[in-house]
Amino acid sequence: MILANKKNDAELKALLPSIKNFMNEWQIVNIKIVGSSTLSQEELIKQFLTRYKNYDGLIYPLSGHKVVMLIRLGLVSNYGLIKSEIEQKIPDHSCSVMIRKMNAEGLRQIQVDLTPELAPVTVEADYFDLRERRTENKILVADDDRFVRMTMMKALAPYGQVVEAVNGKDAITKYINLNPDILFLDIHMPDKNGLEMLEEILSVDPDAYIIILSADSIKENVLGALEKGANGFLTKPPMKAKIDNYIKQCITLTK
């Protein structure tokens, strides 16, 4: 594990082939320092560097309270368990963690952040930072099934403003305008496939927190969603306990 900075560009670039060739073994970990934490960003980074020193990866700060870690943990079957293990390694639960499997869009953003000469692409807006600074929670439910939307909106109402989208085009437009903390996205939309929309949203907001909704739990659908960058998968009709669990894992939501 190395700390990313201008002094070790060669080391950073040396990791890229491993990430590209073994992408299913790498994870993107977004780490938020909680308000009650007594650790500074520098101290938190030192903790992670020490605890994961024997792993391939890198860690770098993005803002005063956000850190991103790229780590090769191998094949992961339970991201919720890994999230809990990472949080428990840090004293007094000083951080909250959002973890997803590495994907092509995540790799592109890494190259933008760390080696811009390899990928001269600019991100127009820091959606994550905007979500962090506002005080109101915002949630988007995109599903063409009215019953599912009503069920989800009722379950989510206690957590903040809930907005619904009825098709793919509507969902993309509302995502850009609303900048939701979490998006619940149907995998089968009338005008656009949910997995295609997932890639489109991540291309403008690599930190998007997206949970895929599906009427089935076919293994290929679940793996396909996670491969493309989804944070989770819910089978319809979704159980409230599972909805609440994903809500708790979203690091920009004010609980």
# chains A, B, ... in the order shown; residues from 1 in each chain; ligands from 1
>>> closest_atom_pairs(of="segment 189-224 of chain A", to="segment 174-182 of chain A", cutoff="9 Å", atoms="only C-alpha atoms", output="CSV")
residue,atom,partner,partner_atom,distance
A:Ile201,CA,A:Tyr175,CA,8.0
A:Val204,CA,A:Ile176,CA,8.8
A:Ala208,CA,A:Ile182,CA,7.3
A:Tyr209,CA,A:Ile182,CA,5.0
A:Ile210,CA,A:Ile182,CA,5.9
A:Ile211,CA,A:Ile182,CA,7.6
>>> select_by_dssp(residues="segment 39-221 of chain A", states="alpha helix (DSSP H)", output="ChimeraX atom specification")
/A:41-51,79-88,104-114,127-133,146-156,168-178,194-204,219-221
>>> write_last_selection(atoms="C-alpha atoms", output="tab-separated table (two decimals), in the first residue's frame")
chain	number	residue	atom	x	y	z
A	41	GLN	CA	-7.16	13.14	7.57
A	42	GLU	CA	-3.40	12.64	7.79
A	43	GLU	CA	-3.73	10.42	10.87
A	44	LEU	CA	-6.50	8.38	9.24
A	45	ILE	CA	-4.36	7.80	6.16
A	46	LYS	CA	-1.47	6.64	8.35
A	47	GLN	CA	-3.82	4.14	10.01
A	48	PHE	CA	-4.83	2.67	6.66
A	49	LEU	CA	-1.26	2.60	5.36
A	50	THR	CA	-0.20	0.65	8.45
A	51	ARG	CA	-3.13	-1.78	8.54
A	79	TYR	CA	-19.09	-6.34	0.31
A	80	GLY	CA	-21.14	-5.54	3.40
A	81	LEU	CA	-18.85	-7.71	5.52
A	82	ILE	CA	-15.71	-6.13	4.04
A	83	LYS	CA	-17.14	-2.66	4.70
A	84	SER	CA	-17.71	-3.53	8.38
A	85	GLU	CA	-14.25	-5.05	8.73
A	86	ILE	CA	-12.59	-1.94	7.30
A	87	GLU	CA	-14.55	0.42	9.57
A	88	GLN	CA	-13.76	-1.67	12.65
A	104	ALA	CA	-13.67	0.43	-16.16
A	105	GLU	CA	-15.16	3.80	-15.21
A	106	GLY	CA	-13.48	3.70	-11.81
A	107	LEU	CA	-10.15	3.01	-13.50
A	108	ARG	CA	-10.70	5.93	-15.88
A	109	GLN	CA	-11.34	8.26	-12.95
A	110	ILE	CA	-8.23	7.02	-11.16
A	111	GLN	CA	-6.17	7.89	-14.20
A	112	VAL	CA	-7.76	11.35	-14.28
A	113	ASP	CA	-7.04	11.93	-10.59
A	114	LEU	CA	-3.54	10.52	-10.43
A	127	TYR	CA	-21.17	15.66	-7.37
A	128	PHE	CA	-19.88	13.95	-4.23
A	129	ASP	CA	-18.63	17.22	-2.74
A	130	LEU	CA	-21.97	18.90	-3.44
A	131	ARG	CA	-23.80	16.04	-1.71
A	132	GLU	CA	-21.49	16.32	1.26
A	133	ARG	CA	-22.07	20.04	1.73
A	146	ARG	CA	-45.92	2.29	-10.20
A	147	PHE	CA	-46.43	-0.19	-7.35
A	148	VAL	CA	-42.68	-0.58	-6.83
A	149	ARG	CA	-42.22	3.21	-6.84
A	150	MET	CA	-44.99	3.68	-4.27
A	151	THR	CA	-43.54	0.92	-2.05
A	152	MET	CA	-40.04	2.35	-2.24
A	153	MET	CA	-41.13	5.93	-1.67
A	154	LYS	CA	-43.08	4.94	1.44
A	155	ALA	CA	-40.08	3.05	2.84
A	156	LEU	CA	-37.67	5.87	2.02
A	168	GLY	CA	-34.53	5.90	-18.43
A	169	LYS	CA	-34.45	9.36	-19.97
A	170	ASP	CA	-36.37	10.76	-17.00
A	171	ALA	CA	-33.95	9.07	-14.59
A	172	ILE	CA	-30.81	10.49	-16.24
A	173	THR	CA	-32.25	14.02	-16.32
A	174	LYS	CA	-33.39	13.87	-12.71
A	175	TYR	CA	-30.09	12.39	-11.55
A	176	ILE	CA	-28.13	15.29	-13.04
A	177	ASN	CA	-30.53	17.90	-11.62
A	178	LEU	CA	-31.17	16.28	-8.23
A	194	GLY	CA	-30.55	-0.18	-16.27
A	195	LEU	CA	-27.00	-1.48	-16.70
A	196	GLU	CA	-26.43	0.93	-19.59
A	197	MET	CA	-27.77	3.76	-17.44
A	198	LEU	CA	-25.46	2.69	-14.64
A	199	GLU	CA	-22.45	3.18	-16.90
A	200	GLU	CA	-23.78	6.51	-18.17
A	201	ILE	CA	-24.28	7.90	-14.67
A	202	LEU	CA	-20.88	6.68	-13.45
A	203	SER	CA	-19.24	8.39	-16.41
A	204	VAL	CA	-20.28	11.77	-14.98
A	219	LYS	CA	-26.65	-14.59	-10.79
A	220	GLU	CA	-25.60	-13.05	-14.11
A	221	ASN	CA	-27.69	-9.94	-13.42
>>> select_by_dssp(residues="segment 12-252 of chain A", states="strand (DSSP E or B)", output="JSON, numbers by chain")
{"A": [26, 27, 28, 29, 30, 31, 32, 33, 57, 58, 59, 60, 61, 62, 63, 66, 67, 68, 69, 70, 71, 72, 95, 96, 97, 98, 99, 100, 101, 138, 139, 140, 141, 142, 161, 162, 163, 164, 165, 182, 183, 184, 185, 186, 188, 193, 210, 211, 212, 213, 214, 232, 233, 234, 235]}
>>> write_last_selection(atoms="C-alpha atoms", output="PDB file, in the first residue's frame")
ATOM      1  CA  TRP A  26      -9.490  -4.812  -7.000  1.00  0.00           C
ATOM      2  CA  GLN A  27     -11.853  -2.631  -4.989  1.00  0.00           C
ATOM      3  CA  ILE A  28     -12.542   1.096  -4.768  1.00  0.00           C
ATOM      4  CA  VAL A  29     -13.031   2.232  -1.169  1.00  0.00           C
ATOM      5  CA  ASN A  30     -14.457   5.699  -0.490  1.00  0.00           C
ATOM      6  CA  ILE A  31     -13.745   6.710   3.102  1.00  0.00           C
ATOM      7  CA  LYS A  32     -15.482   9.578   4.881  1.00  0.00           C
ATOM      8  CA  ILE A  33     -14.170  10.943   8.176  1.00  0.00           C
ATOM      9  CA  GLY A  57      -2.923  -0.627  -3.497  1.00  0.00           C
ATOM     10  CA  LEU A  58      -2.780   3.079  -3.023  1.00  0.00           C
ATOM     11  CA  ILE A  59      -4.526   5.686  -0.934  1.00  0.00           C
ATOM     12  CA  TYR A  60      -5.000   9.362  -1.635  1.00  0.00           C
ATOM     13  CA  PRO A  61      -6.879  12.317  -0.103  1.00  0.00           C
ATOM     14  CA  LEU A  62      -9.495  14.191  -2.132  1.00  0.00           C
ATOM     15  CA  SER A  63     -10.803  16.754   0.352  1.00  0.00           C
ATOM     16  CA  LYS A  66     -12.631  12.251   2.128  1.00  0.00           C
ATOM     17  CA  VAL A  67     -10.041   9.620   1.291  1.00  0.00           C
ATOM     18  CA  VAL A  68     -10.029   7.079  -1.540  1.00  0.00           C
ATOM     19  CA  MET A  69      -8.261   3.745  -1.267  1.00  0.00           C
ATOM     20  CA  LEU A  70      -7.697   1.333  -4.151  1.00  0.00           C
ATOM     21  CA  ILE A  71      -6.865  -2.105  -2.838  1.00  0.00           C
ATOM     22  CA  ARG A  72      -6.435  -5.614  -4.162  1.00  0.00           C
ATOM     23  CA  CYS A  95     -14.872   6.781   9.451  1.00  0.00           C
ATOM     24  CA  SER A  96     -17.645   5.417   7.310  1.00  0.00           C
ATOM     25  CA  VAL A  97     -16.891   3.386   4.219  1.00  0.00           C
ATOM     26  CA  MET A  98     -18.454   2.813   0.807  1.00  0.00           C
ATOM     27  CA  ILE A  99     -16.861  -0.007  -1.184  1.00  0.00           C
ATOM     28  CA  ARG A 100     -17.419  -1.276  -4.720  1.00  0.00           C
ATOM     29  CA  LYS A 101     -15.686  -3.582  -7.137  1.00  0.00           C
ATOM     30  CA  LYS A 138     -32.122  13.311  -1.580  1.00  0.00           C
ATOM     31  CA  ILE A 139     -33.083   9.914  -2.972  1.00  0.00           C
ATOM     32  CA  LEU A 140     -34.092   8.953  -6.510  1.00  0.00           C
ATOM     33  CA  VAL A 141     -36.222   5.906  -7.353  1.00  0.00           C
ATOM     34  CA  ALA A 142     -36.220   4.981 -11.060  1.00  0.00           C
ATOM     35  CA  GLN A 161     -36.696  13.982  -0.117  1.00  0.00           C
ATOM     36  CA  VAL A 162     -37.688  11.132  -2.433  1.00  0.00           C
ATOM     37  CA  VAL A 163     -38.125  11.747  -6.163  1.00  0.00           C
ATOM     38  CA  GLU A 164     -39.414   9.217  -8.702  1.00  0.00           C
ATOM     39  CA  ALA A 165     -38.495   8.645 -12.343  1.00  0.00           C
ATOM     40  CA  ILE A 182     -28.626   7.228  -3.502  1.00  0.00           C
ATOM     41  CA  LEU A 183     -30.288   5.969  -6.681  1.00  0.00           C
ATOM     42  CA  PHE A 184     -32.489   2.868  -6.732  1.00  0.00           C
ATOM     43  CA  LEU A 185     -32.452   1.850 -10.399  1.00  0.00           C
ATOM     44  CA  ASP A 186     -34.639  -0.725 -12.141  1.00  0.00           C
ATOM     45  CA  HIS A 188     -35.367  -3.278 -16.987  1.00  0.00           C
ATOM     46  CA  ASN A 193     -31.420  -0.815 -19.910  1.00  0.00           C
ATOM     47  CA  ILE A 210     -26.494   3.067  -7.041  1.00  0.00           C
ATOM     48  CA  ILE A 211     -28.588   0.073  -6.011  1.00  0.00           C
ATOM     49  CA  ILE A 212     -30.021  -2.018  -8.840  1.00  0.00           C
ATOM     50  CA  LEU A 213     -33.640  -3.236  -8.621  1.00  0.00           C
ATOM     51  CA  SER A 214     -34.767  -6.407 -10.385  1.00  0.00           C
ATOM     52  CA  GLY A 232     -25.770  -3.396  -4.419  1.00  0.00           C
ATOM     53  CA  PHE A 233     -28.708  -5.369  -5.767  1.00  0.00           C
ATOM     54  CA  LEU A 234     -32.302  -5.641  -4.499  1.00  0.00           C
ATOM     55  CA  THR A 235     -34.837  -8.212  -5.655  1.00  0.00           C
TER      56      THR A 235
END
